[in-house]
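Notes follow the structure.
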Number of protein chains: 2
Amino acid sequence: MVMLDDVTRLRSYADALGRFAAGTDTPRDFLDRCLVSYTAHENDVQAFVAVNIDAARASADAAAARWKADKPLSRIDGMPIGIKDVIETVDMPTGMGSSLFEGWRSNRDSATVRALREAGAIVVGKTVTTEFAATTPGPTRNPHDLTRTPGGSSSGSAAAVGSGMLSGALGTQVVGSIIRPASYCGCWGYKPSIGGLNRGGSHDYMSQSCAGVLAATRADTWQVAREIVVRAGGDPGFPGIAGPELVPEPTAPRALAFIETSGWQTAHHHAKTALEGVIARLRSAGIDILTRHSNAQVAALEAVLPEVLPLTRKINAWESRWPLNTYEDRDASKLSKPMIQRLREAEAMTIEEYRAAIARRREIRATYAALADIAAACVTLPAPGVAPVGIQSTGDPIFAVPASLLGAPALSLPLLTLGGLPLGVQLIGFNERDADLFATAGSIENIVRHAP
Amino acid sequence: MVMLDDVTRLRSYADALGRFAAGTDTPRDFLDRCLVSYTAHENDVQAFVAVNIDAARASADAAAARWKADKPLSRIDGMPIGIKDVIETVDMPTGMGSSLFEGWRSNRDSATVRALREAGAIVVGKTVTTEFAATTPGPTRNPHDLTRTPGGSSSGSAAAVGSGMLSGALGTQVVGSIIRPASYCGCWGYKPSIGGLNRGGSHDYMSQSCAGVLAATRADTWQVAREIVVRAGGDPGFPGIAGPELVPEPTAPRALAFIETSGWQTAHHHAKTALEGVIARLRSAGIDILTRHSNAQVAALEAVLPEVLPLTRKINAWESRWPLNTYEDRDASKLSKPMIQRLREAEAMTIEEYRAAIARRREIRATYAALADIAAACVTLPAPGVAPVGIQSTGDPIFAVPASLLGAPALSLPLLTLGGLPLGVQLIGFNERDADLFATAGSIENIVRHAP
């Protein structure tokens with residue numbers, strides 16, 4: 001089992017770059033340290049569906065040669081990365097957590113993976129996902145307590161980064177699939193603005209779906225996203241994540257909105273207390289905290305947030321009708337009951353109901369967007385508490401779903417521990433202002449880590 | 001060779017429904033008549049990559065039984081349909097006009113095909129497309145003159161419908177791939193509002209890409225789109241084509257905008273004269289025709305239209321970087337020179353250039369949208385003339401590209417012939433008002449066909 005101290009020993013690649021330049025470390029040595037964690041924990045954690053270790057070592061040697069020659073392909077040249085198994089890779093199957101796709105090969109890399117390779121990153125393996133990145137869990141266990149879930153659907157990505165097997169990994173989120181597992185596993189989780197990273201060759205096709213990053217540090221998280229977007233862009237028709245070449249400097253916000261969301265009522269007492277402690281520190285640092293009690297716009301947002309989970313479920317159901325109906329045609333016995341239920345729900349819907357749902361979503365997004373005038377970001381929990389016991393469920397997405405529906409960028413910052421288990425702090429920013437969110441997150445990280 | 005008279009003997013399925021009800025015709029007989037055309041012309045025309053005739057006959061018998069029992073699945077139950085070969089079908093390979101994908105099977109139907117089957121339509125075969133629905137042509141010939149191109153990239157779909165082998169077919173358009181071949185082959189062509197039909201499982205992934213319909217009549221065109229959209233929706237996040245259950249009644253427009261586009265200068269004299277004849281008839285019928293000379297808003301639109309082709313090429317290039325780079329990785333020798341060139345062009349672009357291009361597109365769309373206040377639709381040619389001689393090129397998309405960039409719905413109406421060859425009349429409507437465009441088109445069809 002990974003010990004709690006490992007939470008603070010995540011594999012920061014950004015921190016290694018100075019050592020590469022100084023000749024005191026190499027990408028090959030970096031990879032080998034990751035592989036020590038892999039060898040020590042993978043049997044228990046089961047983060048991976050497939051790995052390609054020999055190829056990874058060869059790629060790390062090539063990266064080492066480029067760094068030695070002072071000619072790295074990018075700031076992530078040599079970074080060990082994992083790919084959620086709904087995203088296509090040319091050298092490994094893409095199984096989507098479904099027995100229907102076990103061993104399936106697309107014979108190409110996704111847009112994101114192709115960009116990562118172009119930047120020199122090392123694809124170590126494919127990470128476990130729930131069935132079609134939805135609800136039915138895979139075998140992965142939380143590296144900080146093997147009796148607990150790592151969260152989902154980006155289960156293996158979060159567990160591998162959270163246990164030091166990788167510096168970064170790709171995930172996807174349509175409800176709460178990056179933010180929640182990042183919190184449970186103690187790494188950074190980043191769900192970009194809608195359309196922020198190109199989903200070509202990634203089987204997350206819904207209108208709220210987003211490709212994103214789980215990584216060891218704020219700098220690694222930004223850099224992975226940045227190196228992808230300049231090479232592969234965002235989704236077709238979207239500007240893609242915009243911002244500087246290096247992670248934005250920490251910038252103290254004047255004001256933040258603390259939002260309870262529908263999750264607050266049922267969140268665990270200790271988690272709420274921990275977040276309230278963070279809020280108090282932010283206040284002490286001079287940041288104005290707006291709440292539903294002190295601000296009418298925040299109150300207006302809170303009033304609509306109970307709608308976001310049912311609305312998301314309705315939108316996702318309609319948008320899943322295809323391809324689920326083709327999978328049922330092929331072999332219904334290989335679909336879980338929740339998948340069949342979702343398909344039945346979709347088939348019972350009319351296109352008019354769907355249109356009403358996306359029209360309502362547009363209204364809620366407008367309500368949210370207006371908040372940008374008065375707050376740099378929203379702060380809340382990423383999950384109702386630490387990872388729950390049991391791996392039959394990946395936990396409750398209630399705190400993560402608002403950013404998904406809003407199409408807004410969100411980060412989970414690995415800043416808290418409760419009873420020896422990690423818990424994140426979630427920041428939600430504003431659409432297509434991802435760099436501002438990273439700047440705010442840097443400031444909050446500094447305040448929370450360095451507070452007395 | 002198909003004789004000119006066949007242009008007026010397109011296989012209208014809507015017209016057959018009354019005969020099915022009366023018991024004087026059946027879907028099986030209808031299919032068999034289509035297969036007579038297929039047998040007579042396919043050797044010359046080469047519209048199909050693959051056919052599934054035995055399965056089609058069995059499906060037609062099943063449809064006939066449903067009609068006899070007065071329990072059709074929809075108004076297109078039993079309609080013989082072709083599927084452009086960039087769109088996945090469970091029972092036939094999806095080759096995308098590329099030797100890289102020859103024989104490739106996805107083992108599922110696309111969203112559109114699954115919906116068509118659910119509605120009882122009969123998938124007769126996969127129709128020839130150019131390489132990845134871009135420029136390099138397939139073997140298809142124009143059914144009205146075998147020395148000429150059918151247009152592209154929906155080459156086989158247009159040729160099969162235009163020669164009476166099918167009532168309808170699916171196509172896709174990102175530049176001019178539905179409107180142009182429909183005009184050349186003498187059938188209806190319909191490129192919906194952007195996002196109008198679900199592109200799931202269709203390999204047309206660009207931001208201007210649109211799934212659409214080529215069909216024998218206005219009613220068939222509408223019905224195919226309608227039966228798809230109520231079952232599969234539009235693209236995720238889009239409302240999908242909205243409108244009535246049956247084709248909208250013809251509605252005379254108060255005013256239309258005649259637009260020259262960049263194509264007028266180089267369009268063929270006879271084509272321009274033919275369109276001017278149409279315009280004169282519309283004027284005689286009391287429709288106000290706005291032009292660049294009479295109206296400032298039309299003039300403003302015409303002033304920006306020269307940008308739409310270069311802007312489209314730039315946007316498409318960036319958006320093609322992936323997957324073309326993965327195809328080059330796999331086997332560069334199986335990509336045409338134009339594809340390799342497009343990839344090099346994409347790799348030379350920066351994401352900032354792409355962002356500027358889509359920002360400019362947004363501005364042009366706003367300029368266009370304002371026209372909806374003063375005109376029911378725009379009218380222009382769908383191509384610079386009839387199908388050109390030779391099958392090494394699929395012809396010039398100059399007249400079709402504006403609607404693609406604008407994201408607006410467009411129709412090509414098979415109303416003209418020049419020297420024995422078909423030529424369409426193009427109508428361009430306004431975003432998400434596709435039903436209004438069909439209503440206007442019905443009126444224009446009546447005026448042009450019934451004018452003295």
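In the structure tokens, chains take the letters A, B, ... in the order shown, each chain's residues start at 1, and ligands count up from 1 in the order shown.
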Practice problem: Among the residues of region 88-163 of chain A, find those DSSP assigns to strand (DSSP E) from the backbone and print them as JSON, numbers by chain. | Solution: {"A": [122, 123, 124, 125, 126, 127]}
Cut-off 10 Å: closest chain B/chain A atom pairs per residue, using only C-alpha atoms, as a Markdown table:
| residue | atom | partner | partner_atom | distance |
| --- | --- | --- | --- | --- |
| B:Val90 | CA | A:Thr326 | CA | 8.6 |
| B:Ser106 | CA | A:Ser106 | CA | 9.4 |
| B:Asn107 | CA | A:Arg330 | CA | 8.0 |
| B:Arg108 | CA | A:Thr326 | CA | 5.7 |
| B:Asp109 | CA | A:Thr326 | CA | 6.4 |
| B:Ser110 | CA | A:Pro323 | CA | 7.7 |
| B:Ala111 | CA | A:Trp322 | CA | 5.6 |
| B:Thr112 | CA | A:Trp322 | CA | 9.1 |
| B:Arg114 | CA | A:Thr326 | CA | 7.3 |
| B:Ala115 | CA | A:Trp322 | CA | 9.0 |
| B:Asn198 | CA | A:Trp322 | CA | 9.2 |
| B:Gly200 | CA | A:Trp322 | CA | 7.4 |
| B:Gly201 | CA | A:Pro323 | CA | 8.2 |
| B:Tyr205 | CA | A:Pro236 | CA | 7.5 |
| B:Met206 | CA | A:Pro236 | CA | 5.7 |
| B:Ser207 | CA | A:Gly237 | CA | 4.8 |
| B:Gln208 | CA | A:Gly237 | CA | 7.9 |
| B:Ser209 | CA | A:Pro236 | CA | 9.8 |
| B:Val229 | CA | A:Ile351 | CA | 7.8 |
| B:Val230 | CA | A:Ile351 | CA | 5.8 |
| B:Arg231 | CA | A:Ile351 | CA | 7.7 |
| B:Ala232 | CA | A:Trp322 | CA | 6.9 |
| B:Gly233 | CA | A:Ile351 | CA | 6.4 |
| B:Gly234 | CA | A:Ile351 | CA | 9.2 |
| B:Asp235 | CA | A:Ser207 | CA | 8.3 |
| B:Pro236 | CA | A:Ser207 | CA | 4.9 |
| B:Gly237 | CA | A:Ser207 | CA | 4.8 |
| B:Phe238 | CA | A:Ile358 | CA | 8.0 |
| B:Pro239 | CA | A:Arg355 | CA | 5.4 |
| B:Gly240 | CA | A:Ile351 | CA | 8.2 |
| B:Ile241 | CA | A:Ile351 | CA | 10.0 |
| B:Ala242 | CA | A:Glu352 | CA | 9.1 |
| B:Ile315 | CA | A:Gly237 | CA | 8.5 |
| B:Asn316 | CA | A:Pro236 | CA | 9.1 |
| B:Trp318 | CA | A:Gly233 | CA | 8.3 |
| B:Glu319 | CA | A:Pro236 | CA | 6.1 |
| B:Ser320 | CA | A:Pro236 | CA | 9.4 |
| B:Arg321 | CA | A:Ala232 | CA | 7.3 |
| B:Trp322 | CA | A:Ala111 | CA | 5.6 |
| B:Pro323 | CA | A:Ala111 | CA | 6.9 |
| B:Leu324 | CA | A:Ala111 | CA | 9.9 |
| B:Asn325 | CA | A:Arg114 | CA | 8.1 |
| B:Thr326 | CA | A:Arg108 | CA | 5.7 |
| B:Tyr327 | CA | A:Arg108 | CA | 7.4 |
| B:Asp329 | CA | A:Arg108 | CA | 8.5 |
| B:Arg330 | CA | A:Arg108 | CA | 7.7 |
| B:Ala346 | CA | A:Arg231 | CA | 9.9 |
| B:Glu347 | CA | A:Arg231 | CA | 8.2 |
| B:Met349 | CA | A:Arg231 | CA | 9.5 |
| B:Thr350 | CA | A:Val230 | CA | 7.1 |
| B:Ile351 | CA | A:Val230 | CA | 5.8 |
| B:Glu352 | CA | A:Pro239 | CA | 8.5 |
| B:Tyr354 | CA | A:Pro239 | CA | 7.7 |
| B:Arg355 | CA | A:Pro239 | CA | 5.4 |
| B:Ala356 | CA | A:Pro239 | CA | 8.9 |
| B:Ala357 | CA | A:Pro239 | CA | 9.8 |
| B:Ile358 | CA | A:Gly237 | CA | 6.8 |
| B:Ala359 | CA | A:Pro239 | CA | 8.7 |
| B:Arg361 | CA | A:Gly237 | CA | 9.9 |
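For region 397-407 of chain B, the residues within 7 Å (counting only C-alpha atoms, excluding itself and residues fewer than 2 positions away along the chain) are Val174, Val175, Gly176, Ile179, Arg180, Ser193, Ile194, Gln208, Thr261, Ser262, Gly263, Leu305, Val308, Leu309, Thr312, Arg365, Leu381, Pro382, Ala383, Gly395, Pro409, Ala410, Ile428 and Asn431 of chain B.
From CA of Ala387 (chain B) back to CA of Thr440 (chain B), the distance works out to 25.9 Å.
As for CA of Arg449 (chain A) and CA of Tyr190 (chain A), they are spaced 19.4 Å apart.
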From region 187-352 of chain B, collect each residue whose DSSP state is helix (DSSP H, G or I) and return the set as a short mmCIF file (atom, residue, chain, number, x, y, z; two decimals) with C-alpha atoms, in the first residue's frame.
data_model
loop_
_atom_site.label_atom_id
_atom_site.label_comp_id
_atom_site.auth_asym_id
_atom_site.auth_seq_id
_atom_site.Cartn_x
_atom_site.Cartn_y
_atom_site.Cartn_z
CA ARG B 218 -38.43 17.24 -51.94
CA ALA B 219 -40.73 15.02 -49.88
CA ASP B 220 -38.28 12.10 -49.85
CA THR B 221 -35.42 14.39 -48.89
CA TRP B 222 -37.30 15.81 -45.93
CA GLN B 223 -38.65 12.45 -44.82
CA VAL B 224 -35.25 10.76 -44.74
CA ALA B 225 -33.81 13.59 -42.64
CA ARG B 226 -36.85 13.70 -40.41
CA GLU B 227 -36.92 9.95 -39.69
CA ILE B 228 -33.24 10.08 -38.79
CA VAL B 229 -33.41 13.08 -36.53
CA VAL B 230 -36.29 11.93 -34.36
CA ARG B 231 -34.40 8.70 -33.66
CA ALA B 232 -30.75 9.78 -33.60
CA TRP B 264 -20.42 34.09 -60.82
CA GLN B 265 -17.40 35.57 -62.61
CA THR B 266 -16.24 32.19 -63.88
CA HIS B 269 -22.61 31.60 -69.64
CA HIS B 270 -25.46 29.14 -70.24
CA ALA B 271 -25.72 28.33 -66.55
CA LYS B 272 -25.96 32.00 -65.64
CA THR B 273 -28.58 32.56 -68.31
CA ALA B 274 -30.56 29.59 -67.02
CA LEU B 275 -30.49 30.91 -63.47
CA GLU B 276 -31.43 34.38 -64.67
CA GLY B 277 -34.43 32.74 -66.32
CA VAL B 278 -35.42 31.25 -62.97
CA ILE B 279 -34.99 34.61 -61.28
CA ALA B 280 -37.21 36.23 -63.89
CA ARG B 281 -39.93 33.66 -63.25
CA LEU B 282 -39.70 34.21 -59.51
CA ARG B 283 -40.05 37.95 -60.08
CA SER B 284 -43.05 37.34 -62.32
CA ALA B 296 -26.85 47.08 -49.03
CA GLN B 297 -27.04 43.97 -46.85
CA VAL B 298 -26.75 41.67 -49.84
CA ALA B 299 -23.84 43.79 -51.05
CA ALA B 300 -22.19 43.44 -47.64
CA LEU B 301 -22.55 39.67 -47.80
CA GLU B 302 -21.19 39.50 -51.35
CA ALA B 303 -18.22 41.56 -50.19
CA VAL B 304 -17.15 38.89 -47.68
CA LEU B 305 -17.97 35.79 -49.75
CA PRO B 306 -14.58 35.77 -51.55
CA GLU B 307 -13.12 34.86 -48.15
CA VAL B 308 -15.15 31.71 -47.63
CA LEU B 309 -13.19 29.26 -49.79
CA PRO B 310 -9.69 30.16 -48.51
CA LEU B 311 -11.03 30.33 -44.95
CA THR B 312 -12.69 26.93 -45.31
CA ARG B 313 -9.47 25.42 -46.69
CA LYS B 314 -7.49 26.82 -43.75
CA ILE B 315 -9.99 25.57 -41.16
CA ASN B 316 -10.20 22.15 -42.79
CA ALA B 317 -6.44 21.85 -43.01
CA TRP B 318 -5.92 22.47 -39.29
CA GLU B 319 -8.77 20.14 -38.42
CA SER B 320 -7.29 17.41 -40.64
CA ARG B 321 -3.86 17.43 -39.00
CA TRP B 322 -5.25 14.57 -37.00
CA PRO B 323 -6.09 11.91 -38.20
CA LEU B 324 -3.99 12.44 -41.34
CA ASN B 325 -0.77 12.38 -39.33
CA THR B 326 -1.68 8.96 -37.95
CA TYR B 327 -2.45 7.72 -41.45
CA GLU B 328 0.90 8.97 -42.66
CA ASP B 329 2.52 7.16 -39.71
CA ARG B 330 0.77 3.96 -40.76
CA ASP B 331 1.55 3.99 -44.48
CA ALA B 332 2.32 7.25 -46.27
CA SER B 333 2.32 5.46 -49.61
CA LYS B 334 -1.42 4.94 -49.31
CA LYS B 337 -0.43 13.69 -52.85
CA PRO B 338 -3.23 16.19 -52.07
CA MET B 339 -3.69 14.52 -48.67
CA ILE B 340 0.01 14.72 -47.89
CA GLN B 341 -0.02 18.35 -49.02
CA ARG B 342 -2.96 19.12 -46.76
CA LEU B 343 -1.10 17.55 -43.83
CA ARG B 344 2.02 19.60 -44.53
CA GLU B 345 -0.16 22.72 -44.71
CA ALA B 346 -1.76 21.81 -41.35
CA GLU B 347 1.61 21.24 -39.73
CA ALA B 348 2.81 24.64 -40.93
CA ILE B 351 -3.20 27.27 -33.33
CA GLU B 352 -3.31 31.08 -33.28
#
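Comparing the minimum interatomic distances between Glu102 (chain A) and each of A:Leu170, A:Ala63, A:Met79, A:Ala50, counting only C-alpha atoms, we find that A:Ala50 sits nearest.
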Quiz item: Quick one: residues within 9 Å of Ala169 (chain B), only C-alpha atoms counted, chain neighbours fewer than 4 positions away excluded, as a list of chain:residue names?
Solution: B:Pro80, B:Ile81, B:Gly82, B:Ile83, B:Lys84, B:Thr127, B:Gly156, B:Ser157, B:Ala158, B:Ala160, B:Val161, B:Gly212, B:Val213, B:Leu214, B:Ala215, B:Val224
Quiz item: What is the distance between CA of Val389 (chain B) and CA of Ala216 (chain B), in Å to one decimal?
Solution: 24.0 Å
